[in-house]
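To start, the structure under review is shown below, and the notes come after it.
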Amino acid sequence: MSEGVMNEGVVRADTVHEAVTDDQRAAVAQFVAAVPMAAMVHSMHYEVVGANTLCEGVLGCAVDDMIGRPVADFVPLGDRASATRIAVQLEHRYPEAGPTDHGRPIGALRRVRRVDGEVVSCWMHVGISTIAGRRFIVALLDLVNPVVDDTVHWRDRAERDELTGLLRRGPLLAHVDEWIAEDLPVALAFVDVDRLKSINDAHGHPAGDAVLEAAGRRLHQWSPRGSVVGRYAGDEFVFAVTFDGSAGLDTAEVTESVRSAICGEPVPFGSNLLGVSVSVGVAVREPGESRDRLIQRADALMYRDKASRTT
């Protein structure tokens, strides 16, 4: 059996395959309509054959617009290789499912990409089922971090920092990797909270935590929709966004806007008001530049900003 690779990571190499019949599509539609949670069915060649209306809420896409599309459209670029491995694992585990056999599903925390580009996490159960005499892969999706309003998401431990609720480093950089792979204009900012040790020494570590939580929350509230914000390390945050390359980006303006958003007001802690200061470095990706090099430049600019304000 040829493992293949999905189109940009999710379409099989063996392109000659039997088309799904109208009767099979109708049977799939009936199948997913009876499932009480978001469900998608795709062929063994990774073409979406059916989905139910609950899936529309997860993927932000009408069922009619899902059908016929490659599964790759709904899988983040960095996750496509692992998605292929799951499908191949199922095929090898159940090579000859009978007319009523259902392969035991594989359950895992996975990421899916909505049509608006937002990446959300869900518990996904993926298995093989025979419907109308044909084997299909069935995915059931249960959101972990559904949108509550425009800015607030449920926090899930797998991807989010416990103190701030922001993305951890890995999921944050996965977003940046996707944008770079698509050769989109990317701006990345390093934000470092100044003098955190002195706050901890003077008021205790809970005070430092309060400052970090406030800094992360304010940065997230300031950030435009479609951007990503994460806690990169102890007192460091990263903000990244794509933008209209033809219009350019004023990095100095972004730097001061970030500083104003975070440091505009002190942080209440007990009977004290703690001042907040941050150093910011903003870098715009150069043509062909790697993600690591972009991060290095933003980090260097942040330290340059710190030095300019302490001398």
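Here, A, B, ... name the chains of the structure tokens in the order displayed, residue numbers run from 1 inside each chain, and ligands are numbered from 1 in the same displayed order.
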Show which residues sit within 10 Å of Val112 (chain A), as a count of residues only. Count only C-alpha atoms, and ignore same-chain residues fewer than 3 positions away.
-> 19
Quick one: residues within 12 Å of His175 (chain A), only C-alpha atoms counted, chain neighbours fewer than 6 positions away excluded, as a ChimeraX atom specification?
-> /A:76-79,111-113,117-120,167-169,181-182,184,186,188,226-230,238-242,291
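DSSP annotation of region 178-240 of chain A from backbone atoms: strand (DSSP E or B) residues are A:Val186, A:Ala187, A:Leu188, A:Ala189, A:Phe190, A:Val191, A:Asp192, A:Val193, A:Val228, A:Val229, A:Gly230, A:Arg231, A:Tyr232, A:Ala233, A:Glu236, A:Phe237, A:Val238, A:Phe239, A:Ala240.
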Write down as a count of residues only the residues belonging to region 31-234 of chain A that are assigned helix (DSSP H, G or I) by DSSP computed on the backbone.
-> 74
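Distances from A:Asp201, A:Val258, A:Val138, A:Glu159 to Leu173 (chain A) were compared using only C-alpha atoms, and the smallest one belongs to A:Glu159.
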Find the distance between CA of Val191 (chain A) and CA of Glu236 (chain A) and write it in Å to one decimal.
-> 5.6 Å
Met37 (chain A) environment, 8 Å, only C-alpha atoms, sequence neighbours closer than 3 positions dropped, as a PyMOL selection string | chain A and resi 54-55+140-142
Could you write those residues out with N, CA and C atoms, as a PDB file, in the first residue's frame?
```pdb
ATOM      1  N   LEU A  54     -23.226  20.506  12.436  1.00  0.00           N
ATOM      2  CA  LEU A  54     -22.420  20.822  13.616  1.00  0.00           C
ATOM      3  C   LEU A  54     -20.968  21.091  13.227  1.00  0.00           C
ATOM      4  N   CYS A  55     -20.536  20.476  12.138  1.00  0.00           N
ATOM      5  CA  CYS A  55     -19.168  20.696  11.660  1.00  0.00           C
ATOM      6  C   CYS A  55     -18.995  22.118  11.123  1.00  0.00           C
ATOM      7  N   LEU A 140     -14.631  12.678  14.107  1.00  0.00           N
ATOM      8  CA  LEU A 140     -15.554  13.344  15.021  1.00  0.00           C
ATOM      9  C   LEU A 140     -14.763  14.413  15.776  1.00  0.00           C
ATOM     10  N   LEU A 141     -15.303  15.629  15.834  1.00  0.00           N
ATOM     11  CA  LEU A 141     -14.566  16.767  16.382  1.00  0.00           C
ATOM     12  C   LEU A 141     -15.318  17.365  17.561  1.00  0.00           C
ATOM     13  N   ASP A 142     -14.607  17.561  18.655  1.00  0.00           N
ATOM     14  CA  ASP A 142     -15.186  18.168  19.844  1.00  0.00           C
ATOM     15  C   ASP A 142     -14.270  19.309  20.284  1.00  0.00           C
TER      16      ASP A 142
END
```
Tell me which protein, DNA and RNA residues are within 10 Å of region 214-216 of chain A, counting only C-alpha atoms, leaving out same-chain ones fewer than 5 positions away, and put them as a CSV table (one decimal) with N, CA and C atoms, in the first residue's frame.
```
chain,number,residue,atom,x,y,z
A,163,LEU,N,-0.5,30.4,33.5
A,163,LEU,CA,-0.6,31.7,34.2
A,163,LEU,C,-1.3,32.8,33.3
A,164,THR,N,-1.0,32.9,32.1
A,164,THR,CA,-1.5,34.0,31.3
A,164,THR,C,-2.6,33.6,30.3
A,165,GLY,N,-2.8,32.3,30.1
A,165,GLY,CA,-3.8,31.8,29.1
A,165,GLY,C,-3.4,32.0,27.7
A,166,LEU,N,-2.1,32.5,27.4
A,166,LEU,CA,-1.7,32.7,26.1
A,166,LEU,C,-1.1,31.4,25.5
A,191,VAL,N,8.6,40.9,23.3
A,191,VAL,CA,8.2,41.8,24.4
A,191,VAL,C,8.8,41.3,25.7
A,192,ASP,N,9.6,42.0,26.4
A,192,ASP,CA,10.2,41.5,27.6
A,192,ASP,C,9.8,42.5,28.8
A,193,VAL,N,9.3,41.9,29.9
A,193,VAL,CA,8.9,42.7,31.0
A,193,VAL,C,10.2,43.0,31.8
A,208,GLY,N,5.0,39.3,41.0
A,208,GLY,CA,5.6,39.2,39.6
A,208,GLY,C,4.6,38.5,38.7
A,209,ASP,N,3.9,37.4,39.3
A,209,ASP,CA,3.0,36.7,38.5
A,209,ASP,C,1.8,37.6,38.0
A,221,GLN,N,-5.3,41.7,24.5
A,221,GLN,CA,-6.5,42.6,24.2
A,221,GLN,C,-6.1,43.6,23.1
A,222,TRP,N,-4.9,44.1,23.1
A,222,TRP,CA,-4.5,45.0,22.1
A,222,TRP,C,-4.3,44.4,20.7
A,229,VAL,N,-0.6,35.6,19.9
A,229,VAL,CA,0.2,36.1,21.0
A,229,VAL,C,0.5,34.9,21.9
A,230,GLY,N,1.8,34.9,22.4
A,230,GLY,CA,2.1,33.7,23.2
A,230,GLY,C,3.2,34.1,24.3
A,231,ARG,N,3.3,33.3,25.3
A,231,ARG,CA,4.4,33.5,26.3
A,231,ARG,C,5.6,32.6,25.8
A,235,ASP,N,9.7,35.7,31.3
A,235,ASP,CA,9.2,37.1,31.2
A,235,ASP,C,9.1,37.7,29.8
A,236,GLU,N,9.1,36.8,28.8
A,236,GLU,CA,9.1,37.2,27.4
A,236,GLU,C,7.8,36.8,26.7
A,237,PHE,N,7.3,37.7,26.0
A,237,PHE,CA,6.1,37.4,25.1
A,237,PHE,C,6.4,37.6,23.7
A,238,VAL,N,5.7,37.0,22.8
A,238,VAL,CA,5.9,37.2,21.4
A,238,VAL,C,4.5,37.5,20.8
A,259,ARG,N,3.9,49.1,23.8
A,259,ARG,CA,4.4,49.6,25.1
A,259,ARG,C,3.2,50.4,25.8
A,261,ALA,N,0.0,50.0,25.3
A,261,ALA,CA,-1.1,49.1,25.7
A,261,ALA,C,-0.8,48.4,27.0
A,262,ILE,N,0.5,48.0,27.2
A,262,ILE,CA,0.9,47.2,28.4
A,262,ILE,C,1.2,48.1,29.6
A,263,CYS,N,1.8,49.2,29.4
A,263,CYS,CA,2.3,50.0,30.5
A,263,CYS,C,1.5,51.3,30.8
A,266,PRO,N,-0.8,51.2,36.0
A,266,PRO,CA,-0.1,50.2,36.9
A,266,PRO,C,-1.0,49.0,37.2
A,267,VAL,N,-0.3,48.0,37.7
A,267,VAL,CA,-1.0,46.7,38.0
A,267,VAL,C,-1.4,46.7,39.5
A,268,PRO,N,-2.7,46.6,39.8
A,268,PRO,CA,-3.1,46.5,41.2
A,268,PRO,C,-2.6,45.2,41.8
A,276,VAL,N,4.6,49.0,35.4
A,276,VAL,CA,5.0,48.0,34.4
A,276,VAL,C,5.9,48.7,33.3
A,277,SER,N,7.0,48.1,33.0
A,277,SER,CA,7.8,48.6,31.9
A,277,SER,C,8.2,47.4,31.0
A,278,VAL,N,8.2,47.6,29.7
A,278,VAL,CA,8.5,46.5,28.8
A,278,VAL,C,9.5,47.0,27.8
```
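Here the question is which of A:Val20, A:Ala51, A:Ala26, A:Leu273 gets nearest to Arg135 (chain A) using only C-alpha atoms, and that residue is A:Val20.
Reported to one decimal place, the separation of CA of Val254 (chain A) from CA of Ser223 (chain A) is 10.4 Å.
Going from CA of Glu265 (chain A) to CA of Val211 (chain A) covers 11.2 Å.
The closest residue to Leu172 (chain A), picked from A:Ala33, A:Ala233, A:Met44, A:Ile128 and counting only C-alpha atoms, is A:Ala233.
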Residue nearest Val49 (chain A) - candidates A:Ala189, A:Ala83, A:Ala19, A:Val35, atoms counted: only C-alpha atoms | A:Ala19
Nearest residue to Ala139 (chain A) from the set A:Val284, A:Leu196, A:Asp64, A:Val41 (distances using only C-alpha atoms) |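 When distances to Ala139 (chain A) are compared using only C-alpha atoms, the smallest one comes from A:Val41.
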Taking into account only C-alpha atoms, which residue in the set A:Val63, A:Ala187, A:Ala307, A:Met40 is nearest to Phe243 (chain A)?
->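 Using only C-alpha atoms, the shortest distance to Phe243 (chain A) belongs to A:Ala187.
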